[in-house]
>>> print(open('upload_17.cif').read())   # mmCIF, C-alpha atoms
data_protein
loop_
_atom_site.group_PDB
_atom_site.id
_atom_site.type_symbol
_atom_site.label_atom_id
_atom_site.label_comp_id
_atom_site.auth_asym_id
_atom_site.auth_seq_id
_atom_site.Cartn_x
_atom_site.Cartn_y
_atom_site.Cartn_z
ATOM 1 C CA MET A 1 118.052 51.869 83.555
ATOM 2 C CA SER A 2 120.358 50.292 86.115
ATOM 3 C CA ARG A 3 123.684 51.833 87.070
ATOM 4 C CA ARG A 4 125.464 48.887 85.450
ATOM 5 C CA SER A 5 123.592 49.438 82.152
ATOM 6 C CA LEU A 6 124.283 53.173 82.279
ATOM 7 C CA ARG A 7 127.989 52.571 82.793
ATOM 8 C CA LEU A 8 127.996 50.172 79.816
ATOM 9 C CA VAL A 9 126.338 52.770 77.576
ATOM 10 C CA VAL A 10 128.871 55.435 78.614
ATOM 11 C CA VAL A 11 131.800 53.086 77.902
ATOM 12 C CA VAL A 12 130.411 52.192 74.460
ATOM 13 C CA VAL A 13 129.900 55.865 73.560
ATOM 14 C CA LEU A 14 133.427 56.768 74.680
ATOM 15 C CA VAL A 15 134.924 53.925 72.651
ATOM 16 C CA LEU A 16 132.952 54.886 69.541
ATOM 17 C CA THR A 17 133.772 58.582 69.783
ATOM 18 C CA ALA A 18 137.420 57.841 70.497
ATOM 19 C CA GLY A 19 137.487 55.596 67.449
ATOM 20 C CA CYS A 20 135.962 58.299 65.260
ATOM 21 C CA SER A 21 138.532 60.783 66.500
ATOM 22 C CA PHE A 22 141.381 58.357 65.891
ATOM 23 C CA PHE A 23 140.323 57.523 62.341
ATOM 24 C CA ALA A 24 139.534 61.124 61.345
ATOM 25 C CA PRO A 25 142.344 63.297 59.902
ATOM 26 C CA ASN A 26 144.070 65.428 62.498
ATOM 27 C CA PRO A 27 144.187 69.017 61.089
ATOM 28 C CA ASP A 28 147.239 69.814 63.213
ATOM 29 C CA SER A 29 149.177 67.127 61.345
ATOM 30 C CA TYR A 30 148.723 68.524 57.825
ATOM 31 C CA THR A 31 152.072 69.364 56.208
ATOM 32 C CA SER A 32 153.402 69.893 52.687
ATOM 33 C CA THR A 33 157.042 69.972 51.615
ATOM 34 C CA TYR A 34 159.228 70.289 48.532
ATOM 35 C CA ASP A 35 162.542 68.404 48.243
ATOM 36 C CA TYR A 36 165.069 69.301 45.531
ATOM 37 C CA SER A 37 168.222 67.189 45.209
ATOM 38 C CA VAL A 38 171.279 67.655 42.974
ATOM 39 C CA GLY A 39 174.116 65.185 42.455
ATOM 40 C CA ILE A 40 177.240 64.657 40.331
ATOM 41 C CA ASP A 41 179.276 61.455 40.189
ATOM 42 C CA ALA A 42 182.499 60.796 38.232
ATOM 43 C CA ASP A 43 185.019 57.981 38.010
ATOM 44 C CA THR A 44 188.004 60.165 37.042
ATOM 45 C CA THR A 45 189.223 63.724 37.528
ATOM 46 C CA LEU A 46 187.328 66.399 35.587
ATOM 47 C CA ARG A 47 188.745 69.817 34.676
ATOM 48 C CA ASN A 48 187.186 73.108 33.527
ATOM 49 C CA VAL A 49 183.769 71.886 34.611
ATOM 50 C CA THR A 50 180.427 73.540 33.848
ATOM 51 C CA VAL A 51 177.202 71.596 34.391
ATOM 52 C CA ARG A 52 173.698 73.054 34.053
ATOM 53 C CA LEU A 53 170.698 71.156 35.383
ATOM 54 C CA PRO A 54 167.029 72.200 35.673
ATOM 55 C CA VAL A 55 165.534 73.703 38.799
ATOM 56 C CA PRO A 56 161.811 73.438 39.586
ATOM 57 C CA GLN A 57 159.856 76.324 38.127
ATOM 58 C CA THR A 58 156.381 77.824 38.060
ATOM 59 C CA ASN A 59 155.349 79.945 35.063
ATOM 60 C CA GLY A 60 158.978 80.124 33.927
ATOM 61 C CA SER A 61 160.342 81.370 37.278
ATOM 62 C CA ALA A 62 162.614 79.289 39.503
ATOM 63 C CA THR A 63 161.088 78.347 42.837
ATOM 64 C CA TYR A 64 164.493 77.942 44.533
ATOM 65 C CA ASN A 65 167.443 80.309 44.737
ATOM 66 C CA ALA A 66 171.127 79.452 44.852
ATOM 67 C CA SER A 67 171.471 80.109 48.585
ATOM 68 C CA GLU A 68 168.733 77.555 49.360
ATOM 69 C CA ILE A 69 170.443 74.908 47.237
ATOM 70 C CA ALA A 70 173.942 75.700 48.542
ATOM 71 C CA PRO A 71 173.896 77.867 51.688
ATOM 72 C CA ASN A 72 177.705 78.190 51.660
ATOM 73 C CA GLY A 73 177.826 78.785 47.892
ATOM 74 C CA THR A 74 179.236 75.366 47.020
ATOM 75 C CA LEU A 75 178.103 71.826 46.385
ATOM 76 C CA ASP A 76 180.017 69.755 48.962
ATOM 77 C CA GLY A 77 182.903 72.204 48.603
ATOM 78 C CA ALA A 78 183.506 70.789 45.120
ATOM 79 C CA PHE A 79 181.464 73.063 42.814
ATOM 80 C CA ASP A 80 180.489 76.727 42.905
ATOM 81 C CA VAL A 81 176.712 77.043 42.646
ATOM 82 C CA THR A 82 174.779 79.793 40.841
ATOM 83 C CA LEU A 83 171.313 80.087 39.336
ATOM 84 C CA ILE A 84 171.107 81.223 35.709
ATOM 85 C CA GLU A 85 168.546 81.740 32.954
ATOM 86 C CA THR A 86 169.095 79.646 29.827
ATOM 87 C CA GLU A 87 167.318 79.034 26.547
ATOM 88 C CA HIS A 88 165.738 76.050 28.312
ATOM 89 C CA GLY A 89 164.584 77.954 31.387
ATOM 90 C CA PRO A 90 166.116 78.488 34.839
ATOM 91 C CA MET A 91 168.938 76.143 35.764
ATOM 92 C CA VAL A 92 171.436 75.548 38.512
ATOM 93 C CA GLU A 93 174.992 75.969 37.214
ATOM 94 C CA LEU A 94 177.818 74.022 38.834
ATOM 95 C CA THR A 95 181.374 75.099 38.012
ATOM 96 C CA ALA A 96 184.858 74.009 39.102
ATOM 97 C CA ASP A 97 188.389 74.376 37.812
ATOM 98 C CA GLU A 98 188.899 70.761 38.842
ATOM 99 C CA PHE A 99 186.877 67.940 40.347
ATOM 100 C CA PRO A 100 189.618 65.586 41.543
ATOM 101 C CA VAL A 101 188.876 61.886 41.828
ATOM 102 C CA GLU A 102 191.435 59.772 43.665
ATOM 103 C CA THR A 103 191.397 55.990 43.992
ATOM 104 C CA ARG A 104 190.798 54.958 47.611
ATOM 105 C CA TYR A 105 191.144 51.597 49.303
ATOM 106 C CA TYR A 106 189.126 50.180 52.196
ATOM 107 C CA ARG A 107 188.697 47.069 54.285
ATOM 108 C CA PHE A 108 185.644 45.913 56.191
ATOM 109 C CA VAL A 109 186.253 45.096 59.858
ATOM 110 C CA GLU A 110 184.075 44.200 62.806
ATOM 111 C CA GLU A 111 184.378 45.761 66.241
ATOM 112 C CA ASP A 112 182.081 44.859 69.151
ATOM 113 C CA GLY A 113 179.746 43.114 66.733
ATOM 114 C CA VAL A 114 179.430 46.160 64.481
ATOM 115 C CA GLY A 115 180.790 46.120 60.924
ATOM 116 C CA GLN A 116 182.516 49.201 59.581
ATOM 117 C CA ARG A 117 184.704 50.297 56.710
ATOM 118 C CA GLU A 118 188.147 51.792 57.279
ATOM 119 C CA GLN A 119 190.534 53.276 54.744
ATOM 120 C CA ILE A 120 193.829 51.530 54.003
ATOM 121 C CA SER A 121 196.836 52.261 51.800
ATOM 122 C CA GLU A 122 197.277 50.922 48.277
ATOM 123 C CA SER A 123 200.059 48.630 49.501
ATOM 124 C CA GLU A 124 197.669 47.030 52.015
ATOM 125 C CA TYR A 125 194.993 46.416 49.427
ATOM 126 C CA ASP A 126 194.542 42.794 48.332
ATOM 127 C CA PRO A 127 192.212 42.419 45.307
ATOM 128 C CA SER A 128 191.644 38.749 46.167
ATOM 129 C CA ASN A 129 190.365 39.592 49.655
ATOM 130 C CA PRO A 130 186.528 39.890 49.631
ATOM 131 C CA ASP A 131 186.734 42.225 52.635
ATOM 132 C CA HIS A 132 188.833 44.727 50.660
ATOM 133 C CA GLN A 133 187.331 47.367 48.387
ATOM 134 C CA LYS A 134 188.731 49.673 45.711
ATOM 135 C CA VAL A 135 186.769 52.872 45.059
ATOM 136 C CA THR A 136 187.444 54.911 41.931
ATOM 137 C CA ARG A 137 184.406 57.195 41.972
ATOM 138 C CA ARG A 138 183.542 60.450 43.725
ATOM 139 C CA SER A 139 180.134 61.980 44.367
ATOM 140 C CA ALA A 140 178.976 65.446 45.373
ATOM 141 C CA GLY A 141 175.382 66.305 46.163
ATOM 142 C CA THR A 142 172.848 68.105 48.302
ATOM 143 C CA VAL A 143 169.151 68.145 49.202
ATOM 144 C CA ALA A 144 167.205 71.374 49.735
ATOM 145 C CA VAL A 145 163.959 70.963 51.717
ATOM 146 C CA ARG A 146 161.287 73.645 51.924
ATOM 147 C CA ASP A 147 157.889 73.812 53.629
ATOM 148 C CA ALA A 148 154.950 74.634 51.350
ATOM 149 C CA PRO A 149 151.335 75.751 51.839
ATOM 150 C CA TYR A 150 149.054 72.741 52.273
ATOM 151 C CA PRO A 151 147.904 71.061 50.083
ATOM 152 C CA ILE A 152 150.190 70.720 47.062
ATOM 153 C CA GLU A 153 148.548 69.596 43.811
ATOM 154 C CA THR A 154 150.149 66.185 43.235
ATOM 155 C CA ARG A 155 147.830 64.490 40.717
ATOM 156 C CA ALA A 156 148.189 67.134 37.975
ATOM 157 C CA PRO A 157 151.184 69.229 39.071
ATOM 158 C CA VAL A 158 152.230 70.673 35.685
ATOM 159 C CA GLY A 159 150.991 74.256 35.570
ATOM 160 C CA SER A 160 149.871 74.325 39.201
ATOM 161 C CA SER A 161 152.861 73.012 41.174
ATOM 162 C CA PRO A 162 156.591 73.421 40.401
ATOM 163 C CA THR A 163 158.102 71.015 37.842
ATOM 164 C CA PHE A 164 161.264 70.856 35.763
ATOM 165 C CA TYR A 165 160.901 72.866 32.519
ATOM 166 C CA GLY A 166 157.235 73.652 33.285
ATOM 167 C CA ASP A 167 155.119 73.466 30.132
ATOM 168 C CA ALA A 168 158.132 74.150 27.870
ATOM 169 C CA VAL A 169 158.473 70.405 27.239
ATOM 170 C CA THR A 170 155.976 67.860 25.948
ATOM 171 C CA ARG A 171 155.260 65.113 28.440
ATOM 172 C CA SER A 172 154.079 61.822 26.944
ATOM 173 C CA LEU A 173 152.251 59.138 28.904
ATOM 174 C CA ALA A 174 154.647 56.339 29.857
ATOM 175 C CA THR A 175 154.540 53.056 31.751
ATOM 176 C CA CYS A 176 155.113 53.403 35.484
ATOM 177 C CA SER A 177 157.838 51.162 36.858
ATOM 178 C CA PHE A 178 155.781 50.819 40.051
ATOM 179 C CA PRO A 179 152.096 51.885 39.873
ATOM 180 C CA TYR A 180 151.303 52.845 43.454
ATOM 181 C CA THR A 181 147.536 53.335 43.007
ATOM 182 C CA ASP A 182 144.940 53.877 40.292
ATOM 183 C CA GLU A 183 145.738 57.584 40.646
ATOM 184 C CA THR A 184 149.369 57.109 39.589
ATOM 185 C CA ALA A 185 150.396 58.299 36.116
ATOM 186 C CA CYS A 186 153.870 58.584 34.606
ATOM 187 C CA PHE A 187 155.168 60.804 31.821
ATOM 188 C CA ALA A 188 158.438 60.977 29.856
ATOM 189 C CA TYR A 189 159.926 64.031 28.139
ATOM 190 C CA ASP A 190 163.101 65.255 26.413
ATOM 191 C CA ALA A 191 165.266 67.021 29.003
ATOM 192 C CA PRO A 192 168.138 69.274 27.838
ATOM 193 C CA VAL A 193 171.129 69.594 30.193
ATOM 194 C CA TYR A 194 174.535 71.175 29.654
ATOM 195 C CA LEU A 195 177.774 69.263 30.242
ATOM 196 C CA SER A 196 181.216 70.758 29.646
ATOM 197 C CA TYR A 197 184.519 69.431 31.025
ATOM 198 C CA ASP A 198 187.886 68.039 30.042
ATOM 199 C CA ALA A 199 188.272 64.330 30.799
ATOM 200 C CA PRO A 200 189.794 61.113 29.420
ATOM 201 C CA ALA A 201 187.927 59.348 26.621
ATOM 202 C CA ASP A 202 186.695 56.612 28.972
ATOM 203 C CA ALA A 203 185.563 58.939 31.781
ATOM 204 C CA ARG A 204 182.039 58.221 33.028
ATOM 205 C CA VAL A 205 179.958 60.992 34.549
ATOM 206 C CA ASP A 206 176.442 60.962 36.006
ATOM 207 C CA ALA A 207 174.509 64.140 36.772
ATOM 208 C CA SER A 208 171.023 64.096 38.244
ATOM 209 C CA VAL A 209 168.302 66.212 39.817
ATOM 210 C CA MET A 210 165.104 65.124 41.524
ATOM 211 C CA PHE A 211 162.169 67.126 42.849
ATOM 212 C CA ILE A 212 159.425 65.812 45.162
ATOM 213 C CA GLY A 213 156.259 67.610 46.215
ATOM 214 C CA SER A 214 154.470 65.834 49.070
ATOM 215 C CA ASN A 215 151.484 66.145 51.394
ATOM 216 C CA GLU A 216 151.290 64.328 54.719
ATOM 217 C CA TRP A 217 148.662 63.951 57.437
ATOM 218 C CA PHE A 218 147.743 61.675 60.335
ATOM 219 C CA THR A 219 144.717 59.398 60.067
ATOM 220 C CA ALA A 220 145.131 56.345 62.304
ATOM 221 C CA GLY A 221 148.771 56.558 61.233
ATOM 222 C CA TRP A 222 150.852 58.766 58.953
ATOM 223 C CA THR A 223 149.878 58.816 55.283
ATOM 224 C CA GLY A 224 149.988 61.192 52.316
ATOM 225 C CA ASN A 225 150.579 61.616 48.603
ATOM 226 C CA ASP A 226 153.235 63.077 46.323
ATOM 227 C CA TYR A 227 154.634 63.577 42.839
ATOM 228 C CA VAL A 228 158.205 63.231 41.591
ATOM 229 C CA ASP A 229 160.094 64.890 38.741
ATOM 230 C CA ARG A 230 163.557 63.541 37.873
ATOM 231 C CA VAL A 231 166.259 64.065 35.258
ATOM 232 C CA HIS A 232 169.340 61.854 34.991
ATOM 233 C CA ALA A 233 172.142 62.345 32.484
ATOM 234 C CA ASN A 234 175.134 60.081 31.924
ATOM 235 C CA ALA A 235 177.982 60.655 29.523
ATOM 236 C CA THR A 236 181.309 59.105 28.538
ATOM 237 C CA GLY A 237 184.403 61.104 27.615
ATOM 238 C CA PRO A 238 184.891 64.886 27.426
ATOM 239 C CA GLN A 239 181.808 67.068 26.848
ATOM 240 C CA ASP A 240 181.184 70.608 25.641
ATOM 241 C CA ASP A 241 177.529 71.144 24.684
ATOM 242 C CA TRP A 242 173.878 70.638 25.474
ATOM 243 C CA ILE A 243 172.740 67.031 25.457
ATOM 244 C CA THR A 244 169.203 65.656 25.540
ATOM 245 C CA THR A 245 168.373 63.029 28.104
ATOM 246 C CA THR A 246 165.039 61.633 29.320
ATOM 247 C CA GLY A 247 163.059 63.257 32.107
ATOM 248 C CA GLU A 248 160.343 61.506 34.096
ATOM 249 C CA THR A 249 157.342 62.945 35.913
ATOM 250 C CA GLU A 250 155.470 60.577 38.229
ATOM 251 C CA THR A 251 152.165 61.887 39.603
ATOM 252 C CA GLY A 252 149.385 60.742 41.901
ATOM 253 C CA ARG A 253 151.444 58.589 44.253
ATOM 254 C CA GLY A 254 149.815 57.734 47.570
ATOM 255 C CA ASN A 255 146.376 58.201 49.109
ATOM 256 C CA TYR A 256 143.608 60.508 47.840
ATOM 257 C CA PRO A 257 141.924 62.818 48.279
ATOM 258 C CA SER A 258 144.029 65.104 50.451
ATOM 259 C CA PRO A 259 141.753 66.066 53.368
ATOM 260 C CA GLU A 260 140.685 69.668 53.723
ATOM 261 C CA ARG A 261 141.827 71.623 56.758
#
>>> encode(input="upload_17.cif", output="structure tokens")
Amino acid sequence: MSRRSLRLVVVVVLVLTAGCSFFAPNPDSYTSTYDYSVGIDADTTLRNVTVRLPVPQTNGSATYNASEIAPNGTLDGAFDVTLIETEHGPMVELTADEFPVETRYYRFVEEDGVGQREQISESEYDPSNPDHQKVTRRSAGTVAVRDAPYPIETRAPVGSSPTFYGDAVTRSLATCSFPYTDETACFAYDAPVYLSYDAPADARVDASVMFIGSNEWFTAGWTGNDYVDRVHANATGPQDDWITTTGETETGRGNYPSPER
């Protein structure tokens, strides 16, 4: 074999082996995480507030504690945060003597080619000006992220990975709003949450929690899979009891199978 032919063979082998390495999963890239988010939104001031929303659980035990959800003990400085046991399982309890909502006014301006919003007084506000905005809502929320042992079970998480309410609720097969792959399946269930506060009859309040369990790895680019559990409650007027809203569990999103380490 000539030197030129030998060099050609070496180059081809290097290209092929490099390609195999590039397209094979990189074990050092394997990660799994849990993300738990909590949010409350209101369009008027609430008083004597108590809200209870589910936390992810495994075998009836919460997988988060209050200090992970609210390291300083509050949700955006607006609600005190504790974790409690209820007849519907572990829940995060948000309490406040008052959740004040004040109307704010803004205008959109451009400086150095960059648009931004700046607050203005009520007297400066012009409802006919499309660059002016009136905001009569207030939101408070947080996201708690935690690393998890790889891999998380994302195709059939109930009973093996944390979910809201665990197996204490009956999940019924539902239509997915966006079927990611053939692996994707969606389920709906009755989700009890507790809302108690004094408010005007036309007050609108939204309370929500979402939990995501995800796996990620590098194979010729970043990819992965996940599942999502979410509960969203909305109510009008004063409240003082448990209400039942709809929960959604979306499983098998992304690419499968998860590679072994």
>>> resolve_selection(input="upload_17.cif", expression="the PyMOL selection byres ((chain A and resi 163) around 8)", output="list in words")
Val55, Pro56, Gln57, Thr58, Pro157, Val158, Ser161, Pro162, Phe164, Tyr165, Gly166, Phe211 and Asp229 of chain A
>>> resolve_selection(input="upload_17.cif", expression="the PyMOL selection byres ((chain A and resi 248) around 7)", output="count of residues only")
10
>>> atom_distance(input="upload_17.cif", atom1="atom CA of Tyr36 of chain A", atom2="atom CA of Pro259 of chain A")
24.8 Å
>>> residues_near_point(input="upload_17.cif", point="(150.7, 65.8, 48.5)", cutoff="6 Å", atoms="all atoms listed in the file", output="list in words")
Ile152, Thr154, Ser214, Asn215, Asn225 and Asp226 of chain A
>>> closest_residue(input="upload_17.cif", among="A:Leu75, A:Ala168, A:Ala220, A:Ala235", to="Pro200 of chain A", atoms="only C-alpha atoms")
A:Ala235
>>> residues_around(input="upload_17.cif", residues="Gln239 of chain A", least_positions_apart="2", cutoff="12 Å", atoms="all atoms listed in the file", output="list in words")
Leu46, Arg47, Asn48, Val49, Thr50, Val51, Val193, Tyr194, Leu195, Ser196, Tyr197, Asp198, Ala199, Pro200, Ala201, Asp202, Ala203, Arg204, Val205, Asn234, Ala235, Thr236, Gly237, Asp241, Trp242 and Ile243 of chain A
>>> atom_distance(input="upload_17.cif", atom1="atom CA of Ala140 of chain A", atom2="atom CA of Ser128 of chain A")
29.6 Å
>>> resolve_selection(input="upload_17.cif", expression="the PyMOL selection byres ((chain A and resi 108) around 12)", output="PyMOL selection string")
chain A and resi 105-107+109-111+114-120+125+129-134
>>> axis_aligned_box(input="upload_17.cif", around="segment 127-130 of chain A", padding_each_side="4 Å", output="AutoDock Vina command-line options")
--center_x 189.4 --center_y 40.6 --center_z 47.5 --size_x 13.7 --size_y 11.7 --size_z 12.3
>>> atom_distance(input="upload_17.cif", atom1="atom CA of Cys186 of chain A", atom2="atom CA of Gly254 of chain A")
13.6 Å
>>> closest_residue(input="upload_17.cif", among="A:Glu93, A:Asp206, A:Asp167, A:Asp43", to="Val135 of chain A", atoms="all atoms listed in the file")
A:Asp43
>>> closest_residue(input="upload_17.cif", among="A:Asn59, A:Asn255, A:Thr244, A:Ser67", to="Ser160 of chain A", atoms="only C-alpha atoms")
A:Asn59
>>> closest_residue(input="upload_17.cif", among="A:Asp97, A:Asp190, A:Asp240, A:Glu68", to="Val169 of chain A", atoms="only C-alpha atoms")
A:Asp190
>>> residues_near_point(input="upload_17.cif", point="(169.4, 80.3, 35.7)", cutoff="12 Å", atoms="only C-alpha atoms", output="number ranges by chain")
A: 51-57, 60-66, 81-94, 165
>>> decode(input="upload_17.cif", residues="segment 110-142 of chain A", atoms="C-alpha atoms", output="short mmCIF file (atom, residue, chain, number, x, y, z; two decimals), in the first residue's frame")
data_model
loop_
_atom_site.label_atom_id
_atom_site.label_comp_id
_atom_site.auth_asym_id
_atom_site.auth_seq_id
_atom_site.Cartn_x
_atom_site.Cartn_y
_atom_site.Cartn_z
CA GLU A 110 -37.57 53.89 23.09
CA GLU A 111 -34.02 54.79 24.03
CA ASP A 112 -31.01 54.03 21.80
CA GLY A 113 -33.18 51.74 19.70
CA VAL A 114 -34.32 49.70 22.70
CA GLY A 115 -37.97 49.72 23.82
CA GLN A 116 -38.76 49.78 27.51
CA ARG A 117 -41.64 50.40 29.87
CA GLU A 118 -41.53 53.13 32.49
CA GLN A 119 -44.04 53.90 35.22
CA ILE A 120 -46.03 57.14 35.09
CA SER A 121 -48.60 58.82 37.33
CA GLU A 122 -52.36 58.47 36.91
CA SER A 123 -52.55 62.09 35.75
CA GLU A 124 -50.09 61.35 32.92
CA TYR A 125 -52.01 58.32 31.74
CA ASP A 126 -53.95 58.75 28.48
CA PRO A 127 -56.29 55.81 27.73
CA SER A 128 -56.40 56.81 24.05
CA ASN A 129 -52.61 56.56 23.70
CA PRO A 130 -51.61 53.07 22.44
CA ASP A 131 -48.21 53.49 24.11
CA HIS A 132 -49.84 53.85 27.54
CA GLN A 133 -50.83 50.90 29.70
CA LYS A 134 -53.00 50.48 32.79
CA VAL A 135 -52.21 47.47 35.00
CA THR A 136 -54.70 46.35 37.64
CA ARG A 137 -53.27 42.93 38.47
CA ARG A 138 -50.50 41.68 40.76
CA SER A 139 -48.64 38.38 40.66
CA ALA A 140 -46.44 36.55 43.14
CA GLY A 141 -44.58 33.36 42.34
CA THR A 142 -41.47 31.25 42.58
#
